[in-house]
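Visitor: Input: one structure, supplied below.
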Amino acid sequence: MDISSYSILFICFLHSARAILEPNDFLALQSIRKALHDVPGSNFFASWDFTADPCNFDGVYCAADKVIALNLGDPRAGSPGLTGKIDTAIGKLSALAELTVVPGRIYGPLPQSLSQLKNLRFLGISRNFISGEIPAELGQLRNLRTIDFSYNQLAGVIPPSIGKLPELTNLILGHNRLSGSVPSFASAQSLTRLDLKHNSLSGSLGPDSLPPSLQYLSLSWNRLTGPVELVLNRLNKLNYLDLSLNRLTGCIPNQLFSFPLTNLQLERNLFSGPVQPVNEVTIQTVDLSYNRLSGEVSPLLASVQNLYLNNNGFTGQVPGSFVERLLDASIQILYLQHNYLTGIAINPTAEIPVSSSLCLQYNCMVPPTQMTCPFKAGTQKIRPAQQCNH
């Protein structure tokens, strides 16, 4: 058979393969493939042979003659992922509802053409080296439910248009270089998870800026300022709250301790005033350390399993309810060091269970001998007397 016969056969075969998939989608996949490569150790693109049906490629999912989902990279744990850039041709996959990229070394900006994917519901490109800004045009994708751009190198502001997406359920932008203020999410009434930790966000949170649908909120490791009492009072469905390592001020709302939280992290801020829960607190871990809190320690906090109240301005006696729960091993961590506490009613011979850690050093009292303090608590056992007469 001569070369021309081979060519005719190849063209016929190629045409039959293309006929399975809509031509625009076929060409878009080719462009995407040219711009990306397997990192050594990954064989994800081994199945991407364009003489065959692209709907059988790894990570490509079709309905009729259109690509509806594209999962780029080997999803198995430990896969080294892909490198290269995301080609603008991605916007030609007009029926695409899901786009994910496994952790790897993909770099460059997010293509503006993503805004053409009007059916997109899930957009996950995390743990790569994506840089540039988040396209404001993503706010045009009214069906988007999940956006995950965490662990990249994105900079600039969070576009206000993202906060107006009506179906948005999960927004995960943690561990980037984002700056500016937190936009209003008041109209994102389906939002349950908002994770913006480890960025450089600044400014204060408006009293109506977050929707009451939120169940998970992490804004830690930013530069946020101002009070949060009004905005938090509305979020009574929260089961996880982390606002640590900011510059937030004002009091901690009392009713926050009655929310269905399992974890409350407010450490290393500028919160002040007393802590006065209304009912017995059932939150497993509460960290209020390194603030400017004052007043007596509430006995209603004795039901917390891991309680960090260290490095504040608490005064008075440690309530007896803490001693009881400490001795029966209900409390695992009770850190009260670096306050102005004046006593604890515990028998000097009482055995604190091995599973429990109590630290009371550097207060206005002689601490119990049986303590397990963290290294950073220092070596001074008692606060100087002149500091204890305020």
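Each chain in the structure tokens gets a letter, A, B and so on, in the order shown; residues start at 1 in every chain, and ligands are counted from 1 in the order they appear.
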Report as an mmCIF file with all heavy atoms, in the first residue's frame: the residues of stretch 62-91 of chain A with a DSSP assignment of strand (DSSP E or B), based on the backbone of this structure.
Guide:
data_model
loop_
_atom_site.group_PDB
_atom_site.id
_atom_site.type_symbol
_atom_site.label_atom_id
_atom_site.label_comp_id
_atom_site.auth_asym_id
_atom_site.auth_seq_id
_atom_site.Cartn_x
_atom_site.Cartn_y
_atom_site.Cartn_z
ATOM 1 N N CYS A 62 -17.861 12.811 29.037
ATOM 2 C CA CYS A 62 -18.720 13.389 28.005
ATOM 3 C C CYS A 62 -20.180 13.018 28.226
ATOM 4 O O CYS A 62 -20.501 11.995 28.837
ATOM 5 C CB CYS A 62 -18.302 12.891 26.619
ATOM 6 S SG CYS A 62 -16.589 13.261 26.175
ATOM 7 N N ALA A 63 -21.048 13.852 27.698
ATOM 8 C CA ALA A 63 -22.468 13.534 27.558
ATOM 9 C C ALA A 63 -22.817 13.856 26.119
ATOM 10 O O ALA A 63 -22.608 14.986 25.665
ATOM 11 C CB ALA A 63 -23.306 14.351 28.527
ATOM 12 N N LYS A 66 -20.446 16.249 23.844
ATOM 13 C CA LYS A 66 -19.827 17.384 24.528
ATOM 14 C C LYS A 66 -19.075 16.930 25.780
ATOM 15 O O LYS A 66 -19.481 15.977 26.456
ATOM 16 C CB LYS A 66 -20.888 18.411 24.952
ATOM 17 C CG LYS A 66 -21.752 18.937 23.806
ATOM 18 C CD LYS A 66 -20.984 19.874 22.897
ATOM 19 C CE LYS A 66 -20.763 21.214 23.549
ATOM 20 N NZ LYS A 66 -20.018 22.138 22.646
ATOM 21 N N VAL A 67 -17.983 17.638 26.096
ATOM 22 C CA VAL A 67 -17.244 17.385 27.337
ATOM 23 C C VAL A 67 -17.972 18.097 28.469
ATOM 24 O O VAL A 67 -18.196 19.314 28.417
ATOM 25 C CB VAL A 67 -15.788 17.902 27.239
ATOM 26 C CG1 VAL A 67 -15.062 17.714 28.572
ATOM 27 C CG2 VAL A 67 -15.047 17.190 26.121
ATOM 28 N N ILE A 68 -18.337 17.353 29.514
ATOM 29 C CA ILE A 68 -19.056 17.962 30.638
ATOM 30 C C ILE A 68 -18.197 18.042 31.907
ATOM 31 O O ILE A 68 -18.514 18.803 32.821
ATOM 32 C CB ILE A 68 -20.368 17.214 30.947
ATOM 33 C CG1 ILE A 68 -20.092 15.736 31.253
ATOM 34 C CG2 ILE A 68 -21.364 17.364 29.802
ATOM 35 C CD1 ILE A 68 -21.268 15.011 31.882
ATOM 36 N N ALA A 69 -17.117 17.247 31.952
ATOM 37 C CA ALA A 69 -16.225 17.306 33.117
ATOM 38 C C ALA A 69 -14.805 17.057 32.655
ATOM 39 O O ALA A 69 -14.549 16.203 31.796
ATOM 40 C CB ALA A 69 -16.637 16.288 34.179
ATOM 41 N N LEU A 70 -13.875 17.802 33.244
ATOM 42 C CA LEU A 70 -12.462 17.668 32.901
ATOM 43 C C LEU A 70 -11.669 17.678 34.202
ATOM 44 O O LEU A 70 -11.649 18.665 34.927
ATOM 45 C CB LEU A 70 -12.034 18.834 32.002
ATOM 46 C CG LEU A 70 -10.633 18.776 31.386
ATOM 47 C CD1 LEU A 70 -10.461 17.523 30.530
ATOM 48 C CD2 LEU A 70 -10.371 20.025 30.557
ATOM 49 N N ASN A 71 -11.075 16.532 34.519
ATOM 50 C CA ASN A 71 -10.259 16.379 35.732
ATOM 51 C C ASN A 71 -8.823 16.149 35.296
ATOM 52 O O ASN A 71 -8.442 15.036 34.934
ATOM 53 C CB ASN A 71 -10.760 15.215 36.586
ATOM 54 C CG ASN A 71 -12.247 15.324 36.927
ATOM 55 O OD1 ASN A 71 -12.943 14.332 36.983
ATOM 56 N ND2 ASN A 71 -12.738 16.531 37.147
ATOM 57 N N LEU A 72 -8.025 17.214 35.314
ATOM 58 C CA LEU A 72 -6.664 17.162 34.767
ATOM 59 C C LEU A 72 -5.670 16.683 35.801
ATOM 60 O O LEU A 72 -5.478 17.314 36.841
ATOM 61 C CB LEU A 72 -6.267 18.549 34.250
ATOM 62 C CG LEU A 72 -7.048 19.044 33.021
ATOM 63 C CD1 LEU A 72 -6.777 20.511 32.758
ATOM 64 C CD2 LEU A 72 -6.688 18.201 31.790
ATOM 65 N N LEU A 82 0.893 17.910 37.038
ATOM 66 C CA LEU A 82 1.183 18.425 35.699
ATOM 67 C C LEU A 82 1.940 19.745 35.792
ATOM 68 O O LEU A 82 1.949 20.404 36.832
ATOM 69 C CB LEU A 82 -0.122 18.648 34.930
ATOM 70 C CG LEU A 82 -1.097 17.470 34.854
ATOM 71 C CD1 LEU A 82 -2.392 17.897 34.177
ATOM 72 C CD2 LEU A 82 -0.469 16.289 34.125
ATOM 73 N N THR A 83 2.557 20.139 34.683
ATOM 74 C CA THR A 83 3.185 21.445 34.590
ATOM 75 C C THR A 83 2.759 22.116 33.290
ATOM 76 O O THR A 83 2.183 21.464 32.413
ATOM 77 C CB THR A 83 4.721 21.330 34.680
ATOM 78 O OG1 THR A 83 5.276 22.647 34.745
ATOM 79 C CG2 THR A 83 5.296 20.591 33.478
ATOM 80 N N GLY A 84 3.043 23.400 33.166
ATOM 81 C CA GLY A 84 2.601 24.161 32.004
ATOM 82 C C GLY A 84 1.533 25.161 32.400
ATOM 83 O O GLY A 84 1.379 25.507 33.579
#
Visitor: Would you list the contacts of A:Ser42 as a ChimeraX atom specification, taking every protein, DNA or RNA residue within 8 Å and counting only C-alpha atoms, but skipping same-chain residues closer than 4 positions in sequence?
Guide: /A:38,74,79-82
Visitor: Excluding same-chain residues fewer than 2 positions from A:Leu238, what lies within 7 Å of it counting only C-alpha atoms, as a list in words?
Guide: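 So, after excluding close chain neighbours, the residues are Leu214, Gln215, Tyr216, Leu235, Asn236, Tyr240, Leu241, Phe259, Pro260 and Leu261 of chain A.
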Visitor: I need the chosen residues saved as a tab-separated table (two decimals), in the first residue's frame, with N, CA, C and O atoms.
Guide:
chain	number	residue	atom	x	y	z
A	214	LEU	N	-23.70	30.25	56.68
A	214	LEU	CA	-22.33	29.76	56.88
A	214	LEU	C	-22.24	28.72	57.99
A	214	LEU	O	-22.77	28.91	59.08
A	215	GLN	N	-21.50	27.64	57.68
A	215	GLN	CA	-21.22	26.60	58.68
A	215	GLN	C	-19.72	26.52	58.99
A	215	GLN	O	-19.34	26.07	60.08
A	216	TYR	N	-18.90	26.95	58.05
A	216	TYR	CA	-17.44	26.91	58.23
A	216	TYR	C	-16.89	28.27	57.81
A	216	TYR	O	-17.10	28.72	56.69
A	235	LEU	N	-24.50	34.41	62.69
A	235	LEU	CA	-24.01	33.15	62.09
A	235	LEU	C	-24.23	31.97	63.02
A	235	LEU	O	-23.30	31.25	63.40
A	236	ASN	N	-25.48	31.72	63.37
A	236	ASN	CA	-25.78	30.71	64.40
A	236	ASN	C	-25.80	29.28	63.89
A	236	ASN	O	-26.20	28.37	64.60
A	240	TYR	N	-17.60	25.57	62.71
A	240	TYR	CA	-16.16	25.80	62.77
A	240	TYR	C	-15.91	27.29	62.55
A	240	TYR	O	-16.40	27.87	61.58
A	241	LEU	N	-15.14	27.90	63.46
A	241	LEU	CA	-14.83	29.32	63.34
A	241	LEU	C	-13.37	29.56	63.71
A	241	LEU	O	-12.95	29.23	64.82
A	259	PHE	N	-23.50	28.43	69.90
A	259	PHE	CA	-23.61	27.95	68.51
A	259	PHE	C	-23.14	26.49	68.44
A	259	PHE	O	-22.40	26.03	69.30
A	260	PRO	N	-23.53	25.74	67.38
A	260	PRO	CA	-23.16	24.32	67.29
A	260	PRO	C	-21.70	24.09	66.86
A	260	PRO	O	-21.40	23.28	65.98
A	261	LEU	N	-20.79	24.82	67.48
A	261	LEU	CA	-19.38	24.76	67.12
A	261	LEU	C	-18.68	23.54	67.70
A	261	LEU	O	-19.00	23.10	68.80
Visitor: Hey, which bits of stretch 37-142 of chain A sit within 8 Å of stretch 150-171 of chain A, and for each residue what's the closest pair of atoms and how far apart in Å (one decimal), counting only C-alpha atoms, rows by chain and increasing number, as a tab-separated table?
Guide:
residue	atom	partner	partner_atom	distance
A:Ile125	CA	A:Ser150	CA	7.5
A:Ser126	CA	A:Ser150	CA	4.8
A:Arg127	CA	A:Tyr151	CA	4.5
A:Asn128	CA	A:Asn152	CA	5.4
A:Phe129	CA	A:Asn152	CA	5.0
A:Ile130	CA	A:Asn152	CA	5.3
A:Ser131	CA	A:Leu154	CA	4.5
A:Gly132	CA	A:Leu154	CA	5.3
A:Glu133	CA	A:Ala155	CA	5.3
A:Ile134	CA	A:Ile158	CA	6.8
A:Pro135	CA	A:Pro159	CA	7.4
A:Ala136	CA	A:Pro159	CA	5.2
A:Glu137	CA	A:Ser161	CA	7.7
A:Leu138	CA	A:Ile162	CA	6.8
A:Gly139	CA	A:Ser161	CA	4.6
A:Gln140	CA	A:Ser161	CA	7.8
A:Leu141	CA	A:Leu165	CA	7.5
A:Arg142	CA	A:Leu165	CA	5.8
Visitor: Taking 2 positions as the minimum chain separation for residues in the same chain, which residues sit within 10 Å of stretch 207-212 of chain A when counting only C-alpha atoms? Answer as a short mmCIF file (atom, residue, chain, number, x, y, z; two decimals) with C-alpha atoms, in the first residue's frame.
Guide:
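Output file selection-v7.cif follows:
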data_model
loop_
_atom_site.label_atom_id
_atom_site.label_comp_id
_atom_site.auth_asym_id
_atom_site.auth_seq_id
_atom_site.Cartn_x
_atom_site.Cartn_y
_atom_site.Cartn_z
CA GLY A 163 -19.69 37.43 46.51
CA VAL A 182 -13.33 40.85 52.36
CA PRO A 183 -16.17 41.57 49.90
CA SER A 184 -19.79 41.27 50.93
CA PHE A 185 -21.29 37.79 50.64
CA ALA A 186 -24.70 38.95 51.86
CA SER A 187 -26.44 37.83 48.66
CA ALA A 188 -24.68 34.41 48.58
CA GLN A 189 -27.47 32.83 50.59
CA SER A 190 -26.30 29.25 49.88
CA LEU A 191 -22.71 29.82 51.11
CA THR A 192 -21.78 27.26 53.77
CA LEU A 194 -15.78 30.39 53.39
CA SER A 204 -13.20 45.30 58.84
CA LEU A 205 -16.20 43.03 58.33
CA LEU A 214 -22.33 29.76 56.88
CA GLN A 215 -21.22 26.60 58.68
CA LEU A 217 -15.59 30.24 58.44
CA PRO A 227 -15.19 44.49 65.92
CA VAL A 228 -16.99 41.32 64.81
CA GLU A 229 -19.76 41.07 67.39
CA LEU A 230 -22.58 42.12 65.06
CA VAL A 231 -21.55 39.95 62.14
CA LEU A 232 -20.93 36.86 64.32
CA ASN A 233 -24.26 37.12 66.12
CA ARG A 234 -26.02 36.32 62.84
CA LEU A 235 -24.01 33.15 62.09
CA ASN A 236 -25.78 30.71 64.40
CA LYS A 237 -25.22 27.70 62.11
CA LEU A 238 -21.42 27.79 62.44
#
Visitor: Which residue, A:Leu341, A:Ile90, A:Leu123, A:Leu327, has the smallest gap to A:Val354 when you use only C-alpha atoms?
Guide: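 With only C-alpha atoms as the atom set, the closest residue is A:Leu327.
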Visitor: Quick one: residues within 10 Å of A:Pro274, only C-alpha atoms, excluding same-chain residues fewer than 2 positions away - as number ranges by chain?
Guide: A: 251-254, 271-272, 276-277, 292-298, 313-314
Visitor: Taking the backbone alone, and naming residues the way the document does, which bits of stretch 178-255 of chain A are helix (DSSP H, G or I) by DSSP, as a PyMOL selection string?
Guide: chain A and resi 229-233+254-255
Visitor: Considering only C-alpha atoms, can you say which of A:Leu93, A:Ala46, A:Tyr61, A:Gln305 comes closest to A:Glu22?
Guide: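 Using only C-alpha atoms, the shortest distance to A:Glu22 belongs to A:Leu93.
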Visitor: Record the distance separating atom CA of A:Leu21 and atom CA of A:Ser47, expressed in Å with one decimal.
Guide: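 Rounded to one decimal, the two atoms are 16.2 Å apart.
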Visitor: List the neighbours of A:Leu309 out to 9 Å using only C-alpha atoms; skip same-chain residues closer than 3 positions along the sequence, and give me the result as a CSV table (one decimal) with N, CA, C and O atoms, in the first residue's frame.
Guide:
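So the final result, stored in part.csv, reads:
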chain,number,residue,atom,x,y,z
A,267,GLU,N,-7.7,33.1,68.9
A,267,GLU,CA,-6.4,33.5,69.5
A,267,GLU,C,-5.6,34.6,68.7
A,267,GLU,O,-5.8,34.7,67.5
A,286,VAL,N,-11.7,25.4,72.5
A,286,VAL,CA,-11.8,26.9,72.5
A,286,VAL,C,-10.5,27.5,72.8
A,286,VAL,O,-9.8,27.2,73.8
A,287,ASP,N,-10.0,28.3,71.9
A,287,ASP,CA,-8.7,29.0,72.0
A,287,ASP,C,-8.9,30.5,72.0
A,287,ASP,O,-9.2,31.1,70.9
A,288,LEU,N,-8.8,31.1,73.1
A,288,LEU,CA,-9.0,32.6,73.3
A,288,LEU,C,-7.6,33.2,73.7
A,288,LEU,O,-7.6,34.4,74.2
A,289,SER,N,-6.6,32.5,73.6
A,289,SER,CA,-5.3,32.9,74.1
A,289,SER,C,-4.7,34.2,73.4
A,289,SER,O,-5.1,34.5,72.3
A,290,TYR,N,-3.8,34.9,74.1
A,290,TYR,CA,-3.1,36.0,73.5
A,290,TYR,C,-4.1,37.1,73.0
A,290,TYR,O,-4.1,37.5,71.8
A,291,ASN,N,-5.0,37.5,73.9
A,291,ASN,CA,-5.9,38.6,73.7
A,291,ASN,C,-5.8,39.6,74.9
A,291,ASN,O,-4.8,39.6,75.6
A,293,LEU,N,-8.5,39.9,77.2
A,293,LEU,CA,-9.7,39.5,77.9
A,293,LEU,C,-9.5,39.7,79.4
A,293,LEU,O,-8.4,39.6,79.9
A,297,VAL,N,-12.9,33.8,85.2
A,297,VAL,CA,-13.1,32.7,84.3
A,297,VAL,C,-14.4,32.1,84.6
A,297,VAL,O,-14.7,31.7,85.7
A,312,ASN,N,-3.8,36.5,78.8
A,312,ASN,CA,-4.9,37.5,78.9
A,312,ASN,C,-4.8,38.2,80.2
A,312,ASN,O,-3.7,38.3,80.8
A,314,PHE,N,-7.2,37.7,82.8
A,314,PHE,CA,-8.2,37.1,83.7
A,314,PHE,C,-7.8,37.2,85.2
A,314,PHE,O,-6.6,37.1,85.5
A,334,LEU,N,-5.9,22.5,79.8
A,334,LEU,CA,-6.3,23.7,80.5
A,334,LEU,C,-5.1,24.7,80.6
A,334,LEU,O,-4.3,24.5,81.6
A,335,TYR,N,-5.0,25.6,79.7
A,335,TYR,CA,-3.9,26.6,79.8
A,335,TYR,C,-4.4,27.9,80.3
A,335,TYR,O,-5.2,28.6,79.6
A,336,LEU,N,-3.9,28.3,81.5
A,336,LEU,CA,-4.4,29.5,82.1
A,336,LEU,C,-3.2,30.4,82.5
A,336,LEU,O,-3.3,31.4,83.2
A,337,GLN,N,-2.0,30.0,82.0
A,337,GLN,CA,-0.8,30.8,82.3
A,337,GLN,C,-0.8,32.2,81.8
A,337,GLN,O,-1.6,32.5,80.9
A,338,HIS,N,0.0,33.0,82.4
A,338,HIS,CA,0.1,34.4,82.0
A,338,HIS,C,-1.2,35.2,82.1
A,338,HIS,O,-1.7,35.8,81.1
A,339,ASN,N,-1.8,35.1,83.3
A,339,ASN,CA,-3.0,35.9,83.6
A,339,ASN,C,-2.8,36.5,85.0
A,339,ASN,O,-1.6,36.7,85.4
Visitor: When you count only C-alpha atoms, which of these residues is closest to A:Leu248: A:Leu266, A:Ile32, A:Gly226, A:Asn306?
Guide: A:Gly226
Visitor: Neighbours of A:Leu224 within 7 Å (only C-alpha atoms; same-chain residues fewer than 6 positions away dropped), as a list in words?
Guide: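 What passes the distance filter is Leu201, Ser202, Gly203, Ser204, Asn246, Arg247 and Leu248 of chain A.
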Visitor: For a test of reading the model, state the distance in Å between atom CA of A:His198 and atom CA of A:Leu117, rounded to one decimal.
Guide: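 Between atom CA of A:His198 and atom CA of A:Leu117 the gap is 28.9 Å.
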